[in-house]
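Everything below belongs to query04.txt, which stores compact mmCIF, C-alpha atoms.
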# COMPACT_ATOMS: atom_id res chain seq x y z
CA MET A 14 -15.40 43.34 6.74
CA THR A 15 -12.22 45.27 7.35
CA PRO A 16 -9.91 43.38 9.72
CA THR A 17 -7.56 44.77 12.36
CA LEU A 18 -4.19 42.99 12.29
CA ASP A 19 -1.60 43.02 15.05
CA THR A 20 2.13 42.61 14.51
CA PRO A 21 4.88 42.81 17.17
CA ARG A 22 5.02 46.63 16.95
CA LEU A 23 2.10 47.68 14.76
CA THR A 24 -1.66 47.75 14.73
CA LEU A 25 -3.03 47.69 11.18
CA ARG A 26 -6.48 49.19 11.17
CA GLN A 27 -9.24 50.68 9.03
CA MET A 28 -8.67 54.10 7.46
CA GLN A 29 -10.41 57.12 8.98
CA MET A 30 -10.92 60.72 7.90
CA ARG A 31 -8.34 61.93 10.39
CA ASP A 32 -5.69 59.99 8.45
CA PHE A 33 -6.07 62.15 5.37
CA PRO A 34 -3.68 65.04 6.18
CA ALA A 35 -0.64 62.80 6.73
CA TYR A 36 -1.61 60.56 3.81
CA ALA A 37 -1.93 63.61 1.53
CA ALA A 38 1.34 65.04 2.81
CA PHE A 39 3.13 61.85 1.79
CA LEU A 40 1.54 61.79 -1.66
CA SER A 41 2.36 65.44 -2.27
CA SER A 42 6.04 64.91 -1.39
CA ASP A 43 8.89 63.84 -3.66
CA ARG A 44 8.88 60.48 -1.92
CA ALA A 45 5.60 59.73 -3.72
CA LYS A 46 7.35 59.58 -7.12
CA GLY A 47 7.27 55.81 -7.04
CA VAL A 48 3.49 55.68 -6.58
CA GLY A 49 2.43 58.13 -9.27
CA GLY A 50 3.07 61.32 -7.29
CA PRO A 51 3.73 63.93 -6.26
CA LEU A 52 -0.01 64.61 -6.34
CA ARG A 53 -2.10 67.66 -5.68
CA ILE A 54 -4.58 67.43 -2.83
CA SER A 55 -7.46 66.47 -5.13
CA GLY A 56 -5.39 63.59 -6.48
CA ALA A 57 -4.46 62.47 -2.98
CA TRP A 58 -8.13 62.59 -2.03
CA GLY A 59 -8.98 60.29 -4.93
CA TYR A 60 -6.33 57.78 -3.83
CA PHE A 61 -7.49 57.97 -0.22
CA CYS A 62 -11.14 57.25 -0.97
CA HIS A 63 -10.17 54.62 -3.55
CA ASP A 64 -8.07 52.78 -0.96
CA ALA A 65 -10.96 52.89 1.51
CA ALA A 66 -13.53 51.79 -1.10
CA LEU A 67 -11.73 48.63 -2.09
CA TRP A 68 -12.86 46.80 1.04
CA SER A 69 -16.51 46.90 0.05
CA LEU A 70 -15.92 46.61 -3.70
CA VAL A 71 -13.42 43.74 -3.82
CA GLY A 72 -13.08 42.45 -0.24
CA HIS A 73 -9.61 43.77 0.52
CA GLY A 74 -7.97 47.18 0.57
CA ALA A 75 -5.78 49.48 2.62
CA LEU A 76 -5.03 49.64 6.34
CA MET A 77 -3.24 52.32 8.29
CA MET A 78 -0.11 51.37 10.27
CA ASP A 79 -0.19 52.59 13.86
CA LEU A 80 2.60 52.09 16.37
CA THR A 81 0.83 50.02 19.00
CA ALA A 82 2.80 51.57 21.85
CA SER A 83 2.06 55.22 21.06
CA GLY A 84 -0.85 55.14 18.61
CA GLU A 85 1.16 57.21 16.16
CA THR A 86 0.34 56.52 12.50
CA VAL A 87 3.47 55.77 10.48
CA GLY A 88 2.17 54.72 7.09
CA CYS A 89 -0.29 52.79 5.01
CA ILE A 90 -0.28 49.19 3.77
CA SER A 91 -2.56 48.18 0.91
CA LEU A 92 -3.91 45.32 -1.08
CA ASN A 93 -4.51 47.37 -4.23
CA ASP A 94 -6.92 46.20 -6.87
CA GLY A 95 -9.23 47.28 -9.65
CA PRO A 96 -8.47 48.20 -13.24
CA LEU A 97 -5.53 50.43 -12.26
CA PHE A 98 -3.53 47.31 -11.39
CA PRO A 99 -2.94 44.25 -13.59
CA GLU A 100 -3.05 41.99 -10.48
CA THR A 101 -3.78 42.37 -6.79
CA GLU A 102 -0.85 44.35 -5.42
CA LEU A 103 0.70 44.50 -1.99
CA GLY A 104 1.90 48.09 -1.58
CA TRP A 105 3.19 50.22 1.27
CA MET A 106 4.09 53.76 2.14
CA VAL A 107 5.98 54.81 5.24
CA TYR A 108 5.80 58.42 6.36
CA GLU A 109 8.79 60.69 6.75
CA GLY A 110 10.59 60.15 10.06
CA HIS A 111 9.55 56.50 10.30
CA THR A 112 11.56 54.91 7.48
CA GLN A 113 14.30 52.33 7.91
CA LYS A 114 12.75 50.83 11.00
CA GLY A 115 11.32 47.75 9.29
CA TYR A 116 7.70 48.85 9.62
CA ALA A 117 6.85 48.23 5.95
CA THR A 118 8.28 44.72 6.10
CA GLU A 119 6.45 43.93 9.33
CA ALA A 120 3.12 45.26 8.06
CA ALA A 121 3.45 43.73 4.61
CA ALA A 122 4.24 40.28 6.02
CA ALA A 123 1.08 40.40 8.14
CA VAL A 124 -1.12 41.58 5.28
CA ARG A 125 0.42 39.08 2.87
CA ASP A 126 -0.28 36.25 5.30
CA TRP A 127 -3.85 37.50 5.85
CA ALA A 128 -4.35 37.74 2.07
CA PHE A 129 -3.24 34.16 1.50
CA SER A 130 -4.64 32.39 4.53
CA ILE A 131 -7.83 34.31 5.40
CA ARG A 132 -8.76 36.09 2.18
CA GLY A 133 -7.74 33.12 0.09
CA LEU A 134 -5.88 34.99 -2.65
CA GLU A 135 -3.69 32.81 -4.85
CA THR A 136 -0.90 35.24 -5.63
CA LEU A 137 0.24 38.80 -4.95
CA VAL A 138 2.68 41.16 -6.61
CA SER A 139 4.36 44.43 -5.65
CA TYR A 140 4.97 47.05 -8.35
CA ILE A 141 8.02 49.09 -7.39
CA ASP A 142 9.79 51.88 -9.24
CA ALA A 143 13.12 50.39 -10.33
CA ASP A 144 15.03 53.21 -8.59
CA ASN A 145 13.23 52.80 -5.27
CA LEU A 146 15.88 50.72 -3.55
CA ALA A 147 14.33 50.96 -0.09
CA SER A 148 11.09 49.39 -1.29
CA ARG A 149 12.96 46.79 -3.30
CA ARG A 150 14.78 45.77 -0.13
CA VAL A 151 11.42 45.38 1.64
CA ALA A 152 10.22 43.07 -1.13
CA THR A 153 13.42 41.02 -0.93
CA ARG A 154 13.16 40.74 2.85
CA LEU A 155 9.60 39.48 2.41
CA GLY A 156 10.95 36.63 0.30
CA ALA A 157 9.39 37.93 -2.91
CA PHE A 158 11.17 37.27 -6.20
CA LEU A 159 11.53 39.37 -9.34
CA ASP A 160 8.97 38.38 -11.93
CA GLU A 161 10.39 39.64 -15.21
CA THR A 162 7.40 38.73 -17.35
CA ALA A 163 4.47 39.96 -15.26
CA PRO A 164 2.51 42.87 -16.73
CA ARG A 165 3.09 46.15 -14.92
CA PRO A 166 1.20 49.44 -14.78
CA ASP A 167 4.32 51.50 -15.52
CA PRO A 168 7.24 50.33 -17.71
CA LYS A 169 9.65 51.78 -15.12
CA ASP A 170 8.31 49.38 -12.45
CA VAL A 171 9.85 46.12 -11.44
CA VAL A 172 7.47 43.39 -10.30
CA TYR A 173 8.09 41.28 -7.22
CA ARG A 174 5.91 38.23 -6.74
CA HIS A 175 5.13 37.05 -3.22
CA ARG A 176 5.31 33.42 -2.36
CA ARG A 177 2.43 31.70 -0.71
CA ALA A 178 3.78 29.68 2.22
CA ALA A 179 3.79 25.96 1.52
CA MET B 25 -23.40 74.83 7.84
CA ILE B 26 -23.96 71.11 7.91
CA ALA B 27 -21.01 68.86 8.61
CA ARG B 28 -19.85 65.29 8.35
CA PRO B 29 -21.02 63.21 11.30
CA LEU B 30 -18.42 62.79 14.05
CA HIS B 31 -19.33 59.17 14.53
CA ILE B 32 -19.56 56.69 11.64
CA ALA B 33 -22.95 55.05 12.15
CA PHE B 34 -23.10 53.78 8.55
CA ALA B 35 -19.82 52.32 7.33
CA SER B 36 -21.75 51.08 4.33
CA ALA B 37 -25.10 52.03 2.84
CA PRO B 38 -28.22 50.77 4.60
CA VAL B 39 -31.03 49.42 2.42
CA LEU B 40 -33.76 52.02 1.84
CA ALA B 41 -37.04 51.04 0.21
CA THR B 42 -39.50 53.31 -1.62
CA ALA B 43 -42.68 52.50 -3.54
CA ARG B 44 -40.78 51.29 -6.60
CA LEU B 45 -37.12 51.31 -5.62
CA THR B 46 -34.50 49.65 -3.48
CA LEU B 47 -31.50 51.79 -2.54
CA ARG B 48 -28.41 49.83 -1.46
CA MET B 49 -24.62 49.81 -1.11
CA PRO B 50 -22.89 50.00 -4.52
CA ARG B 51 -21.25 46.81 -5.75
CA HIS B 52 -18.34 46.25 -8.10
CA ASP B 53 -20.65 45.13 -10.90
CA ASP B 54 -22.49 48.48 -10.86
CA LEU B 55 -19.38 49.87 -12.52
CA ALA B 56 -20.49 48.69 -15.96
CA HIS B 57 -23.44 51.08 -15.80
CA ARG B 58 -21.18 53.93 -14.80
CA HIS B 59 -18.93 53.15 -17.76
CA ALA B 60 -21.93 53.44 -20.06
CA PHE B 61 -23.01 56.74 -18.51
CA TYR B 62 -19.56 58.30 -18.42
CA ALA B 63 -18.77 57.20 -21.97
CA SER B 64 -21.88 59.02 -23.20
CA ASP B 65 -22.48 62.68 -23.88
CA ARG B 66 -24.99 62.67 -21.03
CA SER B 67 -22.04 62.91 -18.65
CA VAL B 68 -20.94 66.27 -20.04
CA TRP B 69 -22.44 68.10 -17.04
CA GLU B 70 -20.39 65.92 -14.71
CA GLY B 71 -17.18 66.83 -16.55
CA GLY B 72 -17.26 63.81 -18.88
CA PRO B 73 -17.05 61.90 -21.11
CA PHE B 74 -14.44 59.90 -19.22
CA ASP B 75 -12.45 56.79 -20.08
CA ARG B 76 -12.78 53.55 -18.13
CA LEU B 77 -9.93 54.18 -15.70
CA THR B 78 -11.24 57.62 -14.81
CA THR B 79 -14.73 56.21 -14.36
CA TRP B 80 -13.35 53.61 -11.98
CA ARG B 81 -11.50 56.30 -10.01
CA ILE B 82 -14.68 58.36 -9.70
CA PHE B 83 -16.79 55.36 -8.71
CA ALA B 84 -14.28 54.09 -6.15
CA SER B 85 -13.72 57.50 -4.60
CA GLU B 86 -17.47 57.92 -4.16
CA VAL B 87 -17.90 54.49 -2.59
CA GLY B 88 -14.93 55.07 -0.27
CA GLN B 89 -16.82 57.84 1.44
CA TRP B 90 -18.98 55.31 3.30
CA PRO B 91 -16.29 53.92 5.62
CA LEU B 92 -14.60 57.33 5.92
CA MET B 93 -17.60 59.61 6.44
CA GLY B 94 -20.62 57.45 7.09
CA PHE B 95 -22.46 58.60 3.97
CA GLY B 96 -22.01 58.14 0.26
CA PRO B 97 -23.74 56.88 -2.87
CA PHE B 98 -26.70 54.49 -2.97
CA SER B 99 -27.20 52.32 -6.03
CA VAL B 100 -30.84 52.35 -7.09
CA ASP B 101 -32.54 49.15 -8.25
CA ASP B 102 -36.05 48.58 -9.54
CA SER B 103 -37.55 46.57 -6.65
CA ALA B 104 -39.76 44.51 -8.96
CA THR B 105 -37.15 43.47 -11.53
CA GLY B 106 -33.82 44.11 -9.80
CA GLU B 107 -32.77 46.27 -12.76
CA TYR B 108 -30.11 48.86 -11.97
CA LEU B 109 -31.52 52.35 -12.54
CA GLY B 110 -28.87 54.73 -11.26
CA GLU B 111 -27.20 56.22 -8.24
CA VAL B 112 -28.37 58.80 -5.74
CA GLY B 113 -26.46 59.85 -2.69
CA ILE B 114 -24.46 62.26 -0.63
CA SER B 115 -20.91 63.20 -1.37
CA GLN B 116 -18.30 65.52 0.05
CA PRO B 117 -15.02 65.21 -1.82
CA GLU B 118 -12.07 67.37 -0.88
CA GLY B 119 -12.91 71.01 -1.61
CA TYR B 120 -16.71 70.71 -1.27
CA PRO B 121 -18.07 73.26 1.21
CA GLU B 122 -20.71 70.82 2.55
CA PRO B 123 -22.02 67.33 1.89
CA GLU B 124 -23.87 67.46 -1.45
CA LEU B 125 -26.90 65.60 -2.75
CA GLY B 126 -26.35 64.17 -6.23
CA TRP B 127 -27.94 61.77 -8.68
CA PHE B 128 -27.60 60.06 -12.02
CA VAL B 129 -29.96 57.63 -13.75
CA THR B 130 -29.45 55.29 -16.67
CA ASP B 131 -30.86 56.10 -20.10
CA ALA B 132 -33.64 53.60 -19.53
CA ALA B 133 -34.63 55.22 -16.24
CA GLU B 134 -34.94 58.77 -17.60
CA GLY B 135 -38.29 60.49 -17.34
CA ARG B 136 -39.89 58.11 -14.85
CA GLY B 137 -39.34 60.07 -11.66
CA ILE B 138 -36.73 57.59 -10.45
CA ALA B 139 -34.19 60.18 -9.30
CA THR B 140 -36.94 62.18 -7.57
CA GLU B 141 -38.21 59.17 -5.66
CA ALA B 142 -34.73 58.03 -4.67
CA ALA B 143 -33.58 61.52 -3.70
CA ARG B 144 -36.58 61.94 -1.39
CA ALA B 145 -35.67 58.71 0.37
CA VAL B 146 -32.07 59.81 0.78
CA MET B 147 -33.11 63.19 2.17
CA VAL B 148 -35.39 61.57 4.77
CA TRP B 149 -32.58 59.18 5.72
CA ALA B 150 -30.08 62.04 6.03
CA ARG B 151 -32.43 64.07 8.21
CA ARG B 152 -33.13 61.12 10.50
CA SER B 153 -29.52 59.96 10.66
CA PHE B 154 -27.62 63.23 10.93
CA GLY B 155 -30.20 65.83 11.92
CA TRP B 156 -29.15 68.11 9.06
CA ASP B 157 -31.55 71.00 8.46
CA HIS B 158 -30.73 71.26 4.75
CA ILE B 159 -28.78 69.71 1.93
CA ASP B 160 -27.66 71.36 -1.32
CA ASN B 161 -27.06 70.39 -4.93
CA TYR B 162 -24.21 71.94 -6.93
CA ILE B 163 -25.33 71.82 -10.56
CA ASP B 164 -23.71 73.03 -13.75
CA PRO B 165 -25.83 75.94 -15.04
CA GLY B 166 -26.20 74.16 -18.39
CA ASN B 167 -27.72 71.06 -16.83
CA ALA B 168 -31.36 72.10 -17.19
CA ARG B 169 -32.75 68.62 -16.44
CA SER B 170 -31.01 68.37 -13.09
CA ILE B 171 -31.95 71.91 -12.14
CA ALA B 172 -35.60 71.18 -13.00
CA LEU B 173 -35.48 68.00 -10.95
CA ALA B 174 -34.01 69.80 -7.94
CA LEU B 175 -36.72 72.44 -8.12
CA ARG B 176 -39.41 69.76 -8.49
CA LEU B 177 -38.08 68.22 -5.29
CA GLY B 178 -38.90 71.51 -3.59
CA GLY B 179 -35.42 73.01 -3.64
CA THR B 180 -34.68 76.72 -3.80
CA ILE B 181 -31.84 78.38 -5.70
CA ILE B 182 -29.64 80.16 -3.17
CA ASP B 183 -26.70 82.51 -3.46
CA ALA B 184 -23.91 80.36 -2.03
CA PRO B 185 -20.60 79.06 -3.32
CA GLY B 186 -20.70 75.72 -5.13
CA VAL B 187 -17.66 73.84 -6.32
CA ASP B 188 -17.04 75.14 -9.83
CA PRO B 189 -17.50 78.82 -10.71
CA GLY B 190 -21.05 79.42 -11.86
CA ASP B 191 -22.51 76.33 -10.19
CA VAL B 192 -26.21 76.66 -9.42
CA VAL B 193 -26.66 75.89 -5.72
CA ILE B 194 -30.08 74.52 -4.85
CA ARG B 195 -30.99 74.07 -1.21
CA HIS B 196 -33.47 71.55 0.15
CA ASP B 197 -35.01 72.31 3.53
CA LEU B 198 -35.02 69.06 5.48
CA ARG B 199 -36.67 70.35 8.63
CA GLY B 200 -40.13 69.19 7.61
CA LEU B 201 -38.89 65.64 7.07
CA ALA B 202 -39.01 63.03 9.80

Reformat the file's structure so that it appears as structure tokens.
Amino acid sequence: MTPTLDTPRLTLRQMQMRDFPAYAAFLSSDRAKGVGGPLRISGAWGYFCHDAALWSLVGHGALMMDLTASGETVGCISLNDGPLFPETELGWMVYEGHTQKGYATEAAAAVRDWAFSIRGLETLVSYIDADNLASRRVATRLGAFLDETAPRPDPKDVVYRHRRAA
Amino acid sequence: MIARPLHIAFASAPVLATARLTLRMPRHDDLAHRHAFYASDRSVWEGGPFDRLTTWRIFASEVGQWPLMGFGPFSVDDSATGEYLGEVGISQPEGYPEPELGWFVTDAAEGRGIATEAARAVMVWARRSFGWDHIDNYIDPGNARSIALALRLGGTIIDAPGVDPGDVVIRHDLRGLA
């Protein structure tokens, strides 16, 4: 079932109802442009339940990022799947006030490693809006490379492919 | 008012058995049946017909209620043959005043009392698990079949807000159960 993953600063754990207000606030903000937003609350609700459902439907899904020291929730890290995505996607969102601290990179590295070594996935991609330079830097730091030919859900996306460690 | 449980005792659906049916956690391959239902005119009372991506979104957002709220949809199988017959369960998306009891059955399962039998099992489970004294249906006023089914189950039409304007709200008293 849903794992809990620890990184140096973060605890990645199962989503709960109490996470919805901050999750919805992110998706209703301009920062959600790269992930199909901004969304109204009903749209955010659909995303939220979808992310939680993936664990039972496909065996992987989203985890919330908590700061281990304080318990504060700073974002969400997901292994997205289903017909909305051409391939299994590693995606992240970091809430306002917590960006540029390396949390997305730290969480994504842990989830990527879990996906390859425990879950046994063969490959992962990240779909990122071409203008979203902060997320593109995360992908680069993770060692992912631009895959020019991979199918993408939105023509404005670039696709980064994550390497499975040798 | 009834409310979501504070503690998640059921992060996924338990198996419930009735005389003819097995109710269980939905699986990814149940989606094909939802595609068939939502592509058909029978889904008009649920806001359909819907395309495949929308159907997936609806299905996934229903299933996601289990880990978040501790209730959600049960897929209904024929215990003897394993055939998928439909879905009955409890749902409280954003904007719903209370957890709602809902159902859908496949074309093949229509008219055999499948939804009635499954809904009874879900109501008993909800009463035992959460202690709720009632549960409501919100039904489009044009959906005569569902309204008839809800009344057959012993429900009463009440004057309470549903989700969409004009929704018929039918309340089931759970206090006699379990």

Leaving out stretch 139-142 of chain B and any residue of its chain fewer than 3 positions from it, which residues lie within 8 Å of it when counting only C-alpha atoms, given as number ranges by chain? B: 42, 45, 47, 100, 110, 112, 127-129, 145-146, 173, 177

Within 7 Å of chain A, which residues of chain B show up? Give each one with its shortest atom-to-atom distance in Å (one decimal) and the two atoms involved, counting all atoms listed in the file, rows by chain then rising residue number, as a tab-separated table.
residue	atom	partner	partner_atom	distance
B:Arg51	CA	A:Leu70	CA	5.7
B:His52	CA	A:Leu70	CA	5.0
B:Leu77	CA	A:Pro96	CA	6.6
B:Arg81	CA	A:His63	CA	6.8
B:Ala84	CA	A:His63	CA	4.9
B:Ser85	CA	A:Cys62	CA	4.5
B:Val87	CA	A:Ala66	CA	5.3
B:Gly88	CA	A:Ala66	CA	3.7
B:Gln89	CA	A:Cys62	CA	6.2
B:Pro91	CA	A:Ala65	CA	6.8
B:Leu92	CA	A:Gln29	CA	5.2
B:Met93	CA	A:Met30	CA	6.9
B:Glu118	CA	A:Trp58	CA	6.3

Once you have the residues from the selection above, write them out as an mmCIF file, in the frame of the given file, restricted to C-alpha atoms.
data_model
loop_
_atom_site.group_PDB
_atom_site.id
_atom_site.type_symbol
_atom_site.label_atom_id
_atom_site.label_comp_id
_atom_site.auth_asym_id
_atom_site.auth_seq_id
_atom_site.Cartn_x
_atom_site.Cartn_y
_atom_site.Cartn_z
ATOM 1 C CA ARG B 51 -21.250 46.810 -5.750
ATOM 2 C CA HIS B 52 -18.340 46.250 -8.100
ATOM 3 C CA LEU B 77 -9.930 54.180 -15.700
ATOM 4 C CA ARG B 81 -11.500 56.300 -10.010
ATOM 5 C CA ALA B 84 -14.280 54.090 -6.150
ATOM 6 C CA SER B 85 -13.720 57.500 -4.600
ATOM 7 C CA VAL B 87 -17.900 54.490 -2.590
ATOM 8 C CA GLY B 88 -14.930 55.070 -0.270
ATOM 9 C CA GLN B 89 -16.820 57.840 1.440
ATOM 10 C CA PRO B 91 -16.290 53.920 5.620
ATOM 11 C CA LEU B 92 -14.600 57.330 5.920
ATOM 12 C CA MET B 93 -17.600 59.610 6.440
ATOM 13 C CA GLU B 118 -12.070 67.370 -0.880
#

So the first atom is atom CA of A:Pro16 and the second is atom CA of B:Glu86; what is the distance between them in Å, to one decimal place?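 Atom CA of B:Glu86 lies 21.5 Å from atom CA of A:Pro16.
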
Polymer residues at most 8 Å from stretch 155-166 of chain A, all atoms listed in the file, same-chain spacing of 4 or more positions, as a ChimeraX atom specification: /A:97-99,118,121-122,140,151,170-176

For each of B:Arg169, B:His59, B:His31, B:Arg44, take the minimum atom-to-atom distance to B:Asp75, counting only C-alpha atoms, then give the residue where this is smallest. B:His59

What lies within 7 Å of B:Phe34 using all atoms listed in the file, ignoring chain neighbours under 4 positions off, as a PyMOL selection string? chain B and resi 90+94-95

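Straight-line separation from atom CA of B:Glu107 to atom CA of B:Ile138: 12.2 Å.
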
Counting all atoms listed in the file, the residue of B:Ser36, B:Thr130, B:Thr78, B:Ser103 that sits nearest B:His57: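 The closest residue to B:His57 is B:Thr130.
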
Report, in Å to a single decimal, how far apart atom CA of A:Thr136 and atom CA of A:Thr101 are.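 For atom CA of A:Thr101 relative to atom CA of A:Thr136, the distance reads 7.8 Å.
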
Please determine, counting all atoms listed in the file, which residue among A:Phe39, A:Phe129, A:Tyr116, A:Tyr108 has the shortest atom-to-atom distance to A:Pro51.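 Ranking A:Phe39, A:Phe129, A:Tyr116, A:Tyr108 by distance to A:Pro51, first place goes to A:Phe39.
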
So, counting all atoms listed in the file, which residue among B:Ala202, B:Ala63, B:Ile32, B:Leu40 is closest to B:Gly155?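 Under the stated criterion, the closest residue is B:Ala202.
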
Final N, CA and C atoms of stretch 161-172 of chain B as a PDB file, keeping the file's coordinate frame:
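rebuild.pdb, written as the output of this step:
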ATOM      1  N   ASN B 161     -27.630  70.920  -3.690  1.00  0.00           N
ATOM      2  CA  ASN B 161     -27.060  70.390  -4.930  1.00  0.00           C
ATOM      3  C   ASN B 161     -26.160  71.464  -5.530  1.00  0.00           C
ATOM      4  N   TYR B 162     -25.042  71.053  -6.117  1.00  0.00           N
ATOM      5  CA  TYR B 162     -24.210  71.940  -6.930  1.00  0.00           C
ATOM      6  C   TYR B 162     -24.364  71.477  -8.368  1.00  0.00           C
ATOM      7  N   ILE B 163     -24.988  72.284  -9.211  1.00  0.00           N
ATOM      8  CA  ILE B 163     -25.330  71.820 -10.560  1.00  0.00           C
ATOM      9  C   ILE B 163     -24.769  72.791 -11.593  1.00  0.00           C
ATOM     10  N   ASP B 164     -24.194  72.201 -12.647  1.00  0.00           N
ATOM     11  CA  ASP B 164     -23.710  73.030 -13.750  1.00  0.00           C
ATOM     12  C   ASP B 164     -24.890  73.825 -14.317  1.00  0.00           C
ATOM     13  N   PRO B 165     -24.687  75.127 -14.576  1.00  0.00           N
ATOM     14  CA  PRO B 165     -25.830  75.940 -15.040  1.00  0.00           C
ATOM     15  C   PRO B 165     -26.421  75.444 -16.357  1.00  0.00           C
ATOM     16  N   GLY B 166     -25.663  74.672 -17.132  1.00  0.00           N
ATOM     17  CA  GLY B 166     -26.200  74.160 -18.390  1.00  0.00           C
ATOM     18  C   GLY B 166     -27.048  72.906 -18.230  1.00  0.00           C
ATOM     19  N   ASN B 167     -27.041  72.342 -17.044  1.00  0.00           N
ATOM     20  CA  ASN B 167     -27.720  71.060 -16.830  1.00  0.00           C
ATOM     21  C   ASN B 167     -29.178  71.300 -16.432  1.00  0.00           C
ATOM     22  N   ALA B 168     -29.975  71.672 -17.446  1.00  0.00           N
ATOM     23  CA  ALA B 168     -31.360  72.100 -17.190  1.00  0.00           C
ATOM     24  C   ALA B 168     -32.193  70.981 -16.567  1.00  0.00           C
ATOM     25  N   ARG B 169     -31.942  69.745 -16.964  1.00  0.00           N
ATOM     26  CA  ARG B 169     -32.750  68.620 -16.440  1.00  0.00           C
ATOM     27  C   ARG B 169     -32.557  68.473 -14.943  1.00  0.00           C
ATOM     28  N   SER B 170     -31.290  68.545 -14.520  1.00  0.00           N
ATOM     29  CA  SER B 170     -31.010  68.370 -13.090  1.00  0.00           C
ATOM     30  C   SER B 170     -31.544  69.545 -12.282  1.00  0.00           C
ATOM     31  N   ILE B 171     -31.434  70.741 -12.842  1.00  0.00           N
ATOM     32  CA  ILE B 171     -31.950  71.910 -12.140  1.00  0.00           C
ATOM     33  C   ILE B 171     -33.468  71.778 -11.978  1.00  0.00           C
ATOM     34  N   ALA B 172     -34.141  71.348 -13.065  1.00  0.00           N
ATOM     35  CA  ALA B 172     -35.600  71.180 -13.000  1.00  0.00           C
ATOM     36  C   ALA B 172     -35.972  70.131 -11.952  1.00  0.00           C
TER      37      ALA B 172
END
